[in-house]
Amino acid sequence: MNLPSSQEIIEDMAFFDDWEQRYQYIIDLGKSIPPIDESLKTNENLVRGCQSNVWLVSTERDGKLQFQADSDAVIVNGLLALVIAVFNDKTMAKILDFDINGYFKALDLERHITPTRGNGLQAIVAKIQAIAKTKM
Amino acid sequence: MNTSNSVLNINEIRNQFPILHQQIEGHPLVYLDNAATTQKPQAVIQAITDFYTQCNANVHRGAHHLSDEATRRYEKARDTVANFIHAHDRKEVIWTSGTTEGINIIANGMAQRLQSVDEVLVTEMEHHANLVTWQQACLRSGATLKIAPIHDDGTLDTEAFAALLSQKTKMVALPHVSNALGTVNPVKELTALSKEQGALVLIDGAQSIAHGNVNVSDIGCDFYVFSGHKLFGPTGIGVLWGKEEVLQDWPVWQTGGEMIATVTYESATWGELPNRLEAGTPNIAGAIALAAAIDWFTSLNLSAVQAHEQALMASALEQAQAFEGLTIIGNAANKMGVLSFILQGCHPADIGFLLDRQGIAIRTGDHCAQPLMRRLNLPGTARASFSVYNTLEEVDALFIALKKVQNMLA
């Protein structure tokens, strides 16, 4: 299935006026994210620093990076969908250039991108950026 | 004032905790993470302020008035702790940074004494602080670490525990109350069994100390450790209590100032208890504030405190049992402070997050007890933990919010 684009996400999220609707949207996104293959759930693909297990897999095609991610916690899965929406199928330069903090601010989800938060979203973004850097 | 017959006025108690009176995400804060740390009453906050505004100075170096006053309050705090836990002597109270350091002092000393034929016995319900320390002491000394199993309901298998004890057992370390399950262990009986084999016994009191009467003399153990911050005191201060005859020649932990008798360039000799195990400038304000916390706590009617906490637990258990899809983790008949649970189809991290959005603070995860979670075949649990300032209405609020969580994640 196709996940919404970052622009669609921002427009969808702007439509909601309470936290329940917003997080219901994230939960539904999290449920719709295709699970990654069990064989890819390796220690190597595990992102450290998360309260739940998060796996991140990347592939490279035509100078662009594709990402798959999976978590056993559904809200984290939804947040992963938000992150992948902006980074998927982008060049390394575009990935490194993207203002992820601004994006989360626009979504009113800044809380998730702070280093103090236990969901490890920052660790995931850092890993994506590190992958982009090494592939440059 | 004689309070022995009075019941607790929870509102009055709550009013002494400034932090409780705030809104989180537009909801009144419901703080149910007391097993992680308790909140601090005004008396404790004031004791810290008073120390720094009235008599801050280093202790035991009394060339001036401030140092005398700081030393007086600091050593009086030691008396307060000694009385609180029914120590035989104030010398037996060693200040530490917390439970973890207390266990490390003993494990480090044991590592120097253990032989490769010796055994150390812990339980399957240990917090990492009382597991990794002994595991490492055994790795260093070549001794063997034995693990006493639990039953599926989260109680200790006392028969298996007894069967694992032998003349080879030199050390037994176990929790008074499990941080992940709330199970209360029969520490007096387990201590007696262990002493029959000649083992030293350490009780991890981190989760028991804030719930009523701890009597180290009655338990009969050699060491009892706890943290101040779980007893309404500040972080960074804790207590290692040990029997004088055991502690007096215990291998020193850190070396430096305060703990010595004489020093030359070639050698040093160690001071007497308690100083020999307290190198360097101590956490003076912390010790004084911990004593203020104990004074505050013991000013309450402790049997009324226990009755109130039992009522909170009874209500939580009743609502948990009636909650569809909820499984209580840890079903010991004797349980204290902690309700651990899982919700079918819901990851604990999601539960914790969505409760937080409703102003309810709990803990989720493995509770620093990864081997226990593996034993129970769980990725983790959600844990609500109660303290004296919690109300029955807050327990209700937890389950109302949990219903919403379940609906959102369904």
# chains A, B, ... in the order shown; residues from 1 in each chain; ligands from 1
call {"tool": "interface_residues", "arguments": {"of": "chain B", "to": "chain A", "cutoff": "7 Å", "atoms": "only C-alpha atoms", "output": "list in words"}}
result
His347, Ala349, Asp350, Gly365, Met408 and Leu409 of chain B
call {"tool": "residues_around", "arguments": {"residues": "Phe223 of chain B", "least_positions_apart": "3", "cutoff": "8 Å", "atoms": "only C-alpha atoms", "output": "PDB file with all heavy atoms, in the first residue's frame"}}
result
ATOM      1  N   VAL B 201      23.826 -12.228  54.476  1.00  0.00           N
ATOM      2  CA  VAL B 201      22.568 -11.913  53.792  1.00  0.00           C
ATOM      3  C   VAL B 201      22.436 -10.411  53.576  1.00  0.00           C
ATOM      4  O   VAL B 201      22.577  -9.626  54.516  1.00  0.00           O
ATOM      5  CB  VAL B 201      21.358 -12.418  54.601  1.00  0.00           C
ATOM      6  CG1 VAL B 201      20.049 -12.039  53.908  1.00  0.00           C
ATOM      7  CG2 VAL B 201      21.430 -13.927  54.800  1.00  0.00           C
ATOM      8  N   LEU B 202      22.189 -10.034  52.321  1.00  0.00           N
ATOM      9  CA  LEU B 202      21.915  -8.640  51.980  1.00  0.00           C
ATOM     10  C   LEU B 202      20.484  -8.529  51.481  1.00  0.00           C
ATOM     11  O   LEU B 202      20.054  -9.293  50.616  1.00  0.00           O
ATOM     12  CB  LEU B 202      22.876  -8.137  50.895  1.00  0.00           C
ATOM     13  CG  LEU B 202      22.634  -6.700  50.389  1.00  0.00           C
ATOM     14  CD1 LEU B 202      23.969  -5.991  50.107  1.00  0.00           C
ATOM     15  CD2 LEU B 202      21.756  -6.641  49.128  1.00  0.00           C
ATOM     16  N   ILE B 203      19.749  -7.582  52.043  1.00  0.00           N
ATOM     17  CA  ILE B 203      18.381  -7.324  51.586  1.00  0.00           C
ATOM     18  C   ILE B 203      18.357  -5.983  50.853  1.00  0.00           C
ATOM     19  O   ILE B 203      18.783  -4.954  51.394  1.00  0.00           O
ATOM     20  CB  ILE B 203      17.381  -7.274  52.764  1.00  0.00           C
ATOM     21  CG1 ILE B 203      17.487  -8.534  53.640  1.00  0.00           C
ATOM     22  CG2 ILE B 203      15.949  -7.076  52.242  1.00  0.00           C
ATOM     23  CD1 ILE B 203      17.001  -9.811  53.015  1.00  0.00           C
ATOM     24  N   LEU B 240      23.574   2.284  53.403  1.00  0.00           N
ATOM     25  CA  LEU B 240      23.964   0.884  53.596  1.00  0.00           C
ATOM     26  C   LEU B 240      23.979   0.671  55.090  1.00  0.00           C
ATOM     27  O   LEU B 240      24.759   1.311  55.810  1.00  0.00           O
ATOM     28  CB  LEU B 240      25.361   0.631  53.004  1.00  0.00           C
ATOM     29  CG  LEU B 240      26.136  -0.577  53.569  1.00  0.00           C
ATOM     30  CD1 LEU B 240      25.447  -1.895  53.237  1.00  0.00           C
ATOM     31  CD2 LEU B 240      27.572  -0.584  53.048  1.00  0.00           C
ATOM     32  N   TRP B 241      23.093  -0.190  55.569  1.00  0.00           N
ATOM     33  CA  TRP B 241      23.179  -0.587  56.968  1.00  0.00           C
ATOM     34  C   TRP B 241      23.857  -1.958  57.001  1.00  0.00           C
ATOM     35  O   TRP B 241      23.555  -2.832  56.164  1.00  0.00           O
ATOM     36  CB  TRP B 241      21.795  -0.706  57.616  1.00  0.00           C
ATOM     37  CG  TRP B 241      21.885  -1.375  58.966  1.00  0.00           C
ATOM     38  CD1 TRP B 241      22.186  -0.793  60.150  1.00  0.00           C
ATOM     39  CD2 TRP B 241      21.739  -2.777  59.231  1.00  0.00           C
ATOM     40  NE1 TRP B 241      22.243  -1.733  61.149  1.00  0.00           N
ATOM     41  CE2 TRP B 241      21.975  -2.969  60.615  1.00  0.00           C
ATOM     42  CE3 TRP B 241      21.457  -3.887  58.439  1.00  0.00           C
ATOM     43  CZ2 TRP B 241      21.921  -4.227  61.223  1.00  0.00           C
ATOM     44  CZ3 TRP B 241      21.406  -5.142  59.044  1.00  0.00           C
ATOM     45  CH2 TRP B 241      21.632  -5.310  60.425  1.00  0.00           C
ATOM     46  N   GLY B 242      24.772  -2.136  57.949  1.00  0.00           N
ATOM     47  CA  GLY B 242      25.395  -3.443  58.123  1.00  0.00           C
ATOM     48  C   GLY B 242      25.684  -3.687  59.583  1.00  0.00           C
ATOM     49  O   GLY B 242      25.896  -2.743  60.363  1.00  0.00           O
ATOM     50  N   LYS B 243      25.674  -4.941  59.966  1.00  0.00           N
ATOM     51  CA  LYS B 243      26.014  -5.288  61.350  1.00  0.00           C
ATOM     52  C   LYS B 243      27.443  -4.830  61.645  1.00  0.00           C
ATOM     53  O   LYS B 243      28.350  -5.072  60.845  1.00  0.00           O
ATOM     54  CB  LYS B 243      25.928  -6.801  61.537  1.00  0.00           C
ATOM     55  CG  LYS B 243      24.523  -7.318  61.734  1.00  0.00           C
ATOM     56  CD  LYS B 243      24.561  -8.826  61.959  1.00  0.00           C
ATOM     57  CE  LYS B 243      23.151  -9.383  62.092  1.00  0.00           C
ATOM     58  NZ  LYS B 243      23.108 -10.826  61.820  1.00  0.00           N
TER      59      LYS B 243
END
call {"tool": "residues_around", "arguments": {"residues": "Gln68 of chain A", "least_positions_apart": "4", "cutoff": "10 Å", "atoms": "only C-alpha atoms", "output": "list in words"}}
result
Ile33, Pro34, Pro35, Ile36, Asp37, Leu40, Trp55, Leu56, Val57, Ser58, Thr59, Leu80, Ala81, Ile84 and Asn88 of chain A
call {"tool": "write_last_selection", "arguments": {"atoms": "all heavy atoms", "output": "tab-separated table (two decimals), in the first residue's frame"}}
result
chain	number	residue	atom	x	y	z
A	33	ILE	N	1.54	0.69	8.11
A	33	ILE	CA	2.92	0.58	7.61
A	33	ILE	C	3.22	-0.91	7.39
A	33	ILE	O	2.95	-1.74	8.25
A	33	ILE	CB	3.92	1.25	8.58
A	33	ILE	CG1	5.31	1.39	7.97
A	33	ILE	CG2	4.03	0.50	9.88
A	33	ILE	CD1	6.24	2.26	8.84
A	34	PRO	N	3.70	-1.28	6.19
A	34	PRO	CA	3.93	-2.71	5.96
A	34	PRO	C	5.04	-3.25	6.87
A	34	PRO	O	6.10	-2.63	6.97
A	34	PRO	CB	4.34	-2.77	4.48
A	34	PRO	CG	4.70	-1.38	4.10
A	34	PRO	CD	4.05	-0.44	5.05
A	35	PRO	N	4.78	-4.36	7.55
A	35	PRO	CA	5.80	-4.91	8.43
A	35	PRO	C	7.01	-5.39	7.63
A	35	PRO	O	6.83	-5.84	6.49
A	35	PRO	CB	5.10	-6.07	9.12
A	35	PRO	CG	3.94	-6.42	8.27
A	35	PRO	CD	3.56	-5.19	7.52
A	36	ILE	N	8.18	-5.29	8.18
A	36	ILE	CA	9.35	-5.78	7.46
A	36	ILE	C	9.47	-7.29	7.69
A	36	ILE	O	8.93	-7.83	8.65
A	36	ILE	CB	10.67	-5.06	7.85
A	36	ILE	CG1	11.09	-5.37	9.28
A	36	ILE	CG2	10.56	-3.58	7.60
A	36	ILE	CD1	12.51	-4.92	9.57
A	37	ASP	N	10.17	-7.92	6.78
A	37	ASP	CA	10.35	-9.37	6.84
A	37	ASP	C	11.09	-9.76	8.13
A	37	ASP	O	12.02	-9.07	8.55
A	37	ASP	CB	11.16	-9.80	5.62
A	37	ASP	CG	11.00	-11.28	5.37
A	37	ASP	OD1	9.99	-11.66	4.78
A	37	ASP	OD2	11.89	-12.04	5.83
A	40	LEU	N	14.77	-9.72	8.38
A	40	LEU	CA	15.49	-8.44	8.45
A	40	LEU	C	15.56	-7.89	9.87
A	40	LEU	O	16.22	-6.89	10.13
A	40	LEU	CB	14.80	-7.42	7.54
A	40	LEU	CG	14.89	-7.69	6.03
A	40	LEU	CD1	14.00	-6.74	5.26
A	40	LEU	CD2	16.33	-7.60	5.55
A	55	TRP	N	13.44	-1.57	13.99
A	55	TRP	CA	14.39	-2.02	12.98
A	55	TRP	C	14.31	-1.07	11.80
A	55	TRP	O	13.22	-0.63	11.41
A	55	TRP	CB	14.05	-3.44	12.51
A	55	TRP	CG	14.23	-4.47	13.57
A	55	TRP	CD1	15.37	-5.16	13.87
A	55	TRP	CD2	13.24	-4.95	14.49
A	55	TRP	NE1	15.15	-6.02	14.93
A	55	TRP	CE2	13.85	-5.91	15.32
A	55	TRP	CE3	11.89	-4.65	14.70
A	55	TRP	CZ2	13.17	-6.59	16.33
A	55	TRP	CZ3	11.20	-5.31	15.71
A	55	TRP	CH2	11.84	-6.26	16.51
A	56	LEU	N	15.46	-0.78	11.23
A	56	LEU	CA	15.52	0.12	10.08
A	56	LEU	C	16.39	-0.54	9.01
A	56	LEU	O	17.51	-0.97	9.28
A	56	LEU	CB	16.13	1.47	10.50
A	56	LEU	CG	16.26	2.50	9.39
A	56	LEU	CD1	14.89	3.06	9.01
A	56	LEU	CD2	17.17	3.64	9.82
A	57	VAL	N	15.83	-0.61	7.79
A	57	VAL	CA	16.55	-1.22	6.68
A	57	VAL	C	16.59	-0.21	5.54
A	57	VAL	O	15.57	0.43	5.25
A	57	VAL	CB	15.83	-2.50	6.20
A	57	VAL	CG1	16.62	-3.18	5.09
A	57	VAL	CG2	15.63	-3.46	7.37
A	58	SER	N	17.74	-0.08	4.89
A	58	SER	CA	17.81	0.85	3.76
A	58	SER	C	18.37	0.15	2.52
A	58	SER	O	19.18	-0.78	2.63
A	58	SER	CB	18.70	2.04	4.12
A	58	SER	OG	20.03	1.60	4.33
A	59	THR	N	17.92	0.60	1.37
A	59	THR	CA	18.48	0.13	0.10
A	59	THR	C	18.75	1.36	-0.75
A	59	THR	O	18.17	2.43	-0.51
A	59	THR	CB	17.49	-0.79	-0.64
A	59	THR	OG1	16.21	-0.17	-0.66
A	59	THR	CG2	17.39	-2.16	0.01
A	80	LEU	N	7.36	6.46	12.62
A	80	LEU	CA	8.30	6.00	11.59
A	80	LEU	C	7.72	6.28	10.20
A	80	LEU	O	8.46	6.68	9.29
A	80	LEU	CB	8.53	4.48	11.73
A	80	LEU	CG	9.39	4.04	12.92
A	80	LEU	CD1	9.36	2.52	13.05
A	80	LEU	CD2	10.82	4.53	12.78
A	81	ALA	N	6.42	6.09	10.07
A	81	ALA	CA	5.78	6.37	8.78
A	81	ALA	C	5.93	7.84	8.42
A	81	ALA	O	6.19	8.19	7.26
A	81	ALA	CB	4.30	5.98	8.85
A	84	ILE	N	9.59	8.28	7.33
A	84	ILE	CA	9.87	7.66	6.03
A	84	ILE	C	9.24	8.45	4.90
A	84	ILE	O	9.79	8.58	3.81
A	84	ILE	CB	9.42	6.18	6.05
A	84	ILE	CG1	10.40	5.40	6.93
A	84	ILE	CG2	9.39	5.59	4.64
A	84	ILE	CD1	10.06	3.96	7.11
A	88	ASN	N	12.04	8.86	2.20
A	88	ASN	CA	12.06	7.74	1.26
A	88	ASN	C	12.25	8.22	-0.18
A	88	ASN	O	11.63	9.20	-0.61
A	88	ASN	CB	10.76	6.95	1.38
A	88	ASN	CG	10.95	5.51	0.94
A	88	ASN	OD1	12.01	4.92	1.17
A	88	ASN	ND2	9.95	4.96	0.30
call {"tool": "residues_around", "arguments": {"residues": "Gln42 of chain B", "least_positions_apart": "2", "cutoff": "12 Å", "atoms": "only C-alpha atoms", "output": "ChimeraX atom specification"}}
result
/B:13-20,39-40,44-50,232-234,289,292-293,296
call {"tool": "residues_around", "arguments": {"residues": "Gly63 of chain A", "least_positions_apart": "6", "cutoff": "12 Å", "atoms": "only C-alpha atoms", "output": "list in words"}}
result
Asn88, Asp89, Lys90, Thr91, Met92, Ala93, Lys94, Ile95, Ala132, Lys135 and Met136 of chain A
call {"tool": "residues_around", "arguments": {"residues": "Ala162 of chain B", "least_positions_apart": "5", "cutoff": "9 Å", "atoms": "only C-alpha atoms", "output": "list in words"}}
result
Ala148, Asp157, Leu190, Leu193 and Ser194 of chain B
call {"tool": "write_last_selection", "arguments": {"atoms": "N, CA and C atoms", "output": "compact mmCIF listing (two decimals), in the first residue's frame"}}
result
# COMPACT_ATOMS: atom_id res chain seq x y z
N ALA B 148 17.70 -18.40 42.45
CA ALA B 148 16.51 -19.06 43.01
C ALA B 148 15.30 -18.71 42.15
N ASP B 157 10.01 -19.27 44.82
CA ASP B 157 9.90 -20.71 45.12
C ASP B 157 10.83 -20.97 46.31
N LEU B 190 13.67 -16.27 55.10
CA LEU B 190 14.72 -16.57 54.12
C LEU B 190 16.10 -16.26 54.71
N LEU B 193 16.99 -19.15 57.10
CA LEU B 193 17.44 -20.32 56.33
C LEU B 193 18.88 -20.13 55.85
N SER B 194 19.17 -18.93 55.36
CA SER B 194 20.49 -18.65 54.82
C SER B 194 21.56 -18.65 55.92
call {"tool": "residues_around", "arguments": {"residues": "Asn407 of chain B", "least_positions_apart": "5", "cutoff": "12 Å", "atoms": "only C-alpha atoms", "output": "list of chain:residue names"}}
result
A:Glu20, A:Gln24, A:Ile27, B:Glu324, B:Gly325, B:Leu343, B:Gln344, B:Gly345, B:Cys346, B:Ile351, B:Leu354, B:Ile400, B:Ala401, B:Leu402
call {"tool": "write_last_selection", "arguments": {"atoms": "C-alpha atoms", "output": "tab-separated table (two decimals), in the first residue's frame"}}
result
chain	number	residue	atom	x	y	z
A	20	GLU	CA	-6.96	12.10	20.36
A	24	GLN	CA	-5.53	8.16	16.31
A	27	ILE	CA	-1.86	4.96	15.32
B	324	GLU	CA	-11.19	-6.90	29.71
B	325	GLY	CA	-7.95	-7.86	28.02
B	343	LEU	CA	-2.97	-5.19	27.88
B	344	GLN	CA	-3.73	-7.57	25.07
B	345	GLY	CA	-2.59	-6.21	21.70
B	346	CYS	CA	-1.05	-3.08	23.23
B	351	ILE	CA	0.14	2.49	26.91
B	354	LEU	CA	-1.22	7.57	25.79
B	400	ILE	CA	-10.77	5.42	32.94
B	401	ALA	CA	-7.73	6.63	31.01
B	402	LEU	CA	-6.65	3.07	30.33
call {"tool": "closest_residue", "arguments": {"among": "B:Glu318, B:Glu266, B:Glu124, B:Glu25", "to": "Pro371 of chain B", "atoms": "only C-alpha atoms"}}
result
B:Glu124
call {"tool": "select_by_dssp", "arguments": {"residues": "segment 2-124 of chain A", "states": "strand (DSSP E)", "output": "ChimeraX atom specification"}}
result
/A:54-61,64-71,90-91
call {"tool": "write_last_selection", "arguments": {"atoms": "N, CA and C atoms", "output": "PDB file, in the first residue's frame"}}
result
ATOM      1  N   VAL A  54      12.978  -1.264  17.414  1.00  0.00           N
ATOM      2  CA  VAL A  54      12.819  -0.604  16.121  1.00  0.00           C
ATOM      3  C   VAL A  54      13.891  -1.130  15.174  1.00  0.00           C
ATOM      4  N   TRP A  55      13.441  -1.574  13.995  1.00  0.00           N
ATOM      5  CA  TRP A  55      14.390  -2.023  12.977  1.00  0.00           C
ATOM      6  C   TRP A  55      14.310  -1.068  11.795  1.00  0.00           C
ATOM      7  N   LEU A  56      15.459  -0.775  11.229  1.00  0.00           N
ATOM      8  CA  LEU A  56      15.521   0.124  10.078  1.00  0.00           C
ATOM      9  C   LEU A  56      16.390  -0.536   9.008  1.00  0.00           C
ATOM     10  N   VAL A  57      15.831  -0.608   7.794  1.00  0.00           N
ATOM     11  CA  VAL A  57      16.549  -1.219   6.680  1.00  0.00           C
ATOM     12  C   VAL A  57      16.588  -0.214   5.536  1.00  0.00           C
ATOM     13  N   SER A  58      17.742  -0.081   4.888  1.00  0.00           N
ATOM     14  CA  SER A  58      17.813   0.845   3.761  1.00  0.00           C
ATOM     15  C   SER A  58      18.367   0.147   2.522  1.00  0.00           C
ATOM     16  N   THR A  59      17.919   0.596   1.372  1.00  0.00           N
ATOM     17  CA  THR A  59      18.484   0.128   0.097  1.00  0.00           C
ATOM     18  C   THR A  59      18.749   1.364  -0.754  1.00  0.00           C
ATOM     19  N   GLU A  60      19.624   1.192  -1.762  1.00  0.00           N
ATOM     20  CA  GLU A  60      19.972   2.323  -2.620  1.00  0.00           C
ATOM     21  C   GLU A  60      19.605   1.985  -4.053  1.00  0.00           C
ATOM     22  N   ARG A  61      18.932   2.923  -4.740  1.00  0.00           N
ATOM     23  CA  ARG A  61      18.578   2.705  -6.140  1.00  0.00           C
ATOM     24  C   ARG A  61      18.676   4.034  -6.870  1.00  0.00           C
ATOM     25  N   LYS A  64      19.300   7.125  -4.976  1.00  0.00           N
ATOM     26  CA  LYS A  64      18.325   7.505  -3.954  1.00  0.00           C
ATOM     27  C   LYS A  64      18.208   6.371  -2.923  1.00  0.00           C
ATOM     28  N   LEU A  65      17.785   6.759  -1.733  1.00  0.00           N
ATOM     29  CA  LEU A  65      17.679   5.765  -0.658  1.00  0.00           C
ATOM     30  C   LEU A  65      16.217   5.413  -0.375  1.00  0.00           C
ATOM     31  N   GLN A  66      16.000   4.105  -0.180  1.00  0.00           N
ATOM     32  CA  GLN A  66      14.676   3.641   0.225  1.00  0.00           C
ATOM     33  C   GLN A  66      14.771   3.077   1.649  1.00  0.00           C
ATOM     34  N   PHE A  67      13.761   3.369   2.440  1.00  0.00           N
ATOM     35  CA  PHE A  67      13.781   2.916   3.832  1.00  0.00           C
ATOM     36  C   PHE A  67      12.559   2.073   4.156  1.00  0.00           C
ATOM     37  N   GLN A  68      12.793   1.066   4.969  1.00  0.00           N
ATOM     38  CA  GLN A  68      11.717   0.300   5.577  1.00  0.00           C
ATOM     39  C   GLN A  68      11.989   0.307   7.073  1.00  0.00           C
ATOM     40  N   ALA A  69      10.953   0.469   7.842  1.00  0.00           N
ATOM     41  CA  ALA A  69      11.155   0.458   9.296  1.00  0.00           C
ATOM     42  C   ALA A  69       9.993  -0.261   9.958  1.00  0.00           C
ATOM     43  N   ASP A  70      10.244  -0.750  11.142  1.00  0.00           N
ATOM     44  CA  ASP A  70       9.221  -1.519  11.852  1.00  0.00           C
ATOM     45  C   ASP A  70       9.482  -1.435  13.350  1.00  0.00           C
ATOM     46  N   SER A  71       8.407  -1.311  14.093  1.00  0.00           N
ATOM     47  CA  SER A  71       8.523  -1.296  15.555  1.00  0.00           C
ATOM     48  C   SER A  71       7.414  -2.155  16.123  1.00  0.00           C
ATOM     49  N   LYS A  90      14.695   9.619  -1.661  1.00  0.00           N
ATOM     50  CA  LYS A  90      15.337  10.929  -1.804  1.00  0.00           C
ATOM     51  C   LYS A  90      16.844  10.730  -1.964  1.00  0.00           C
ATOM     52  N   THR A  91      17.489  11.701  -2.588  1.00  0.00           N
ATOM     53  CA  THR A  91      18.952  11.631  -2.698  1.00  0.00           C
ATOM     54  C   THR A  91      19.556  11.870  -1.315  1.00  0.00           C
TER      55      THR A  91
END
call {"tool": "decode", "arguments": {"residues": "segment 79-86 of chain A", "atoms": "all heavy atoms", "output": "JSON list (two decimals), in the first residue's frame"}}
result
[["chain", "number", "residue", "atom", "x", "y", "z"],
["A", 79, "LEU", "N", 5.01, 7.09, 13.87],
["A", 79, "LEU", "CA", 6.03, 8.14, 13.77],
["A", 79, "LEU", "C", 7.07, 7.75, 12.71],
["A", 79, "LEU", "O", 7.57, 8.61, 11.98],
["A", 79, "LEU", "CB", 6.70, 8.36, 15.13],
["A", 79, "LEU", "CG", 5.77, 8.91, 16.24],
["A", 79, "LEU", "CD1", 6.46, 8.86, 17.60],
["A", 79, "LEU", "CD2", 5.34, 10.35, 15.94],
["A", 80, "LEU", "N", 7.36, 6.46, 12.62],
["A", 80, "LEU", "CA", 8.30, 6.00, 11.59],
["A", 80, "LEU", "C", 7.72, 6.28, 10.20],
["A", 80, "LEU", "O", 8.46, 6.68, 9.29],
["A", 80, "LEU", "CB", 8.53, 4.48, 11.73],
["A", 80, "LEU", "CG", 9.39, 4.04, 12.92],
["A", 80, "LEU", "CD1", 9.36, 2.52, 13.05],
["A", 80, "LEU", "CD2", 10.82, 4.53, 12.78],
["A", 81, "ALA", "N", 6.42, 6.09, 10.07],
["A", 81, "ALA", "CA", 5.78, 6.37, 8.78],
["A", 81, "ALA", "C", 5.93, 7.84, 8.42],
["A", 81, "ALA", "O", 6.19, 8.19, 7.26],
["A", 81, "ALA", "CB", 4.30, 5.98, 8.85],
["A", 82, "LEU", "N", 5.80, 8.72, 9.42],
["A", 82, "LEU", "CA", 5.98, 10.16, 9.18],
["A", 82, "LEU", "C", 7.38, 10.46, 8.71],
["A", 82, "LEU", "O", 7.60, 11.30, 7.83],
["A", 82, "LEU", "CB", 5.71, 10.95, 10.47],
["A", 82, "LEU", "CG", 4.35, 10.84, 11.13],
["A", 82, "LEU", "CD1", 4.30, 11.70, 12.38],
["A", 82, "LEU", "CD2", 3.26, 11.28, 10.16],
["A", 83, "VAL", "N", 8.35, 9.78, 9.31],
["A", 83, "VAL", "CA", 9.76, 10.02, 8.98],
["A", 83, "VAL", "C", 10.07, 9.48, 7.59],
["A", 83, "VAL", "O", 10.71, 10.15, 6.76],
["A", 83, "VAL", "CB", 10.67, 9.37, 10.05],
["A", 83, "VAL", "CG1", 12.12, 9.40, 9.61],
["A", 83, "VAL", "CG2", 10.50, 10.08, 11.38],
["A", 84, "ILE", "N", 9.59, 8.28, 7.33],
["A", 84, "ILE", "CA", 9.87, 7.66, 6.03],
["A", 84, "ILE", "C", 9.24, 8.45, 4.90],
["A", 84, "ILE", "O", 9.79, 8.58, 3.81],
["A", 84, "ILE", "CB", 9.42, 6.18, 6.05],
["A", 84, "ILE", "CG1", 10.40, 5.40, 6.93],
["A", 84, "ILE", "CG2", 9.39, 5.59, 4.64],
["A", 84, "ILE", "CD1", 10.06, 3.96, 7.11],
["A", 85, "ALA", "N", 8.07, 9.03, 5.18],
["A", 85, "ALA", "CA", 7.38, 9.83, 4.16],
["A", 85, "ALA", "C", 8.28, 10.94, 3.62],
["A", 85, "ALA", "O", 8.21, 11.28, 2.45],
["A", 85, "ALA", "CB", 6.09, 10.41, 4.74],
["A", 86, "VAL", "N", 9.12, 11.50, 4.48],
["A", 86, "VAL", "CA", 9.97, 12.60, 4.00],
["A", 86, "VAL", "C", 11.32, 12.13, 3.46],
["A", 86, "VAL", "O", 11.94, 12.80, 2.65],
["A", 86, "VAL", "CB", 10.21, 13.69, 5.08],
["A", 86, "VAL", "CG1", 8.90, 14.33, 5.45],
["A", 86, "VAL", "CG2", 10.89, 13.13, 6.30]]
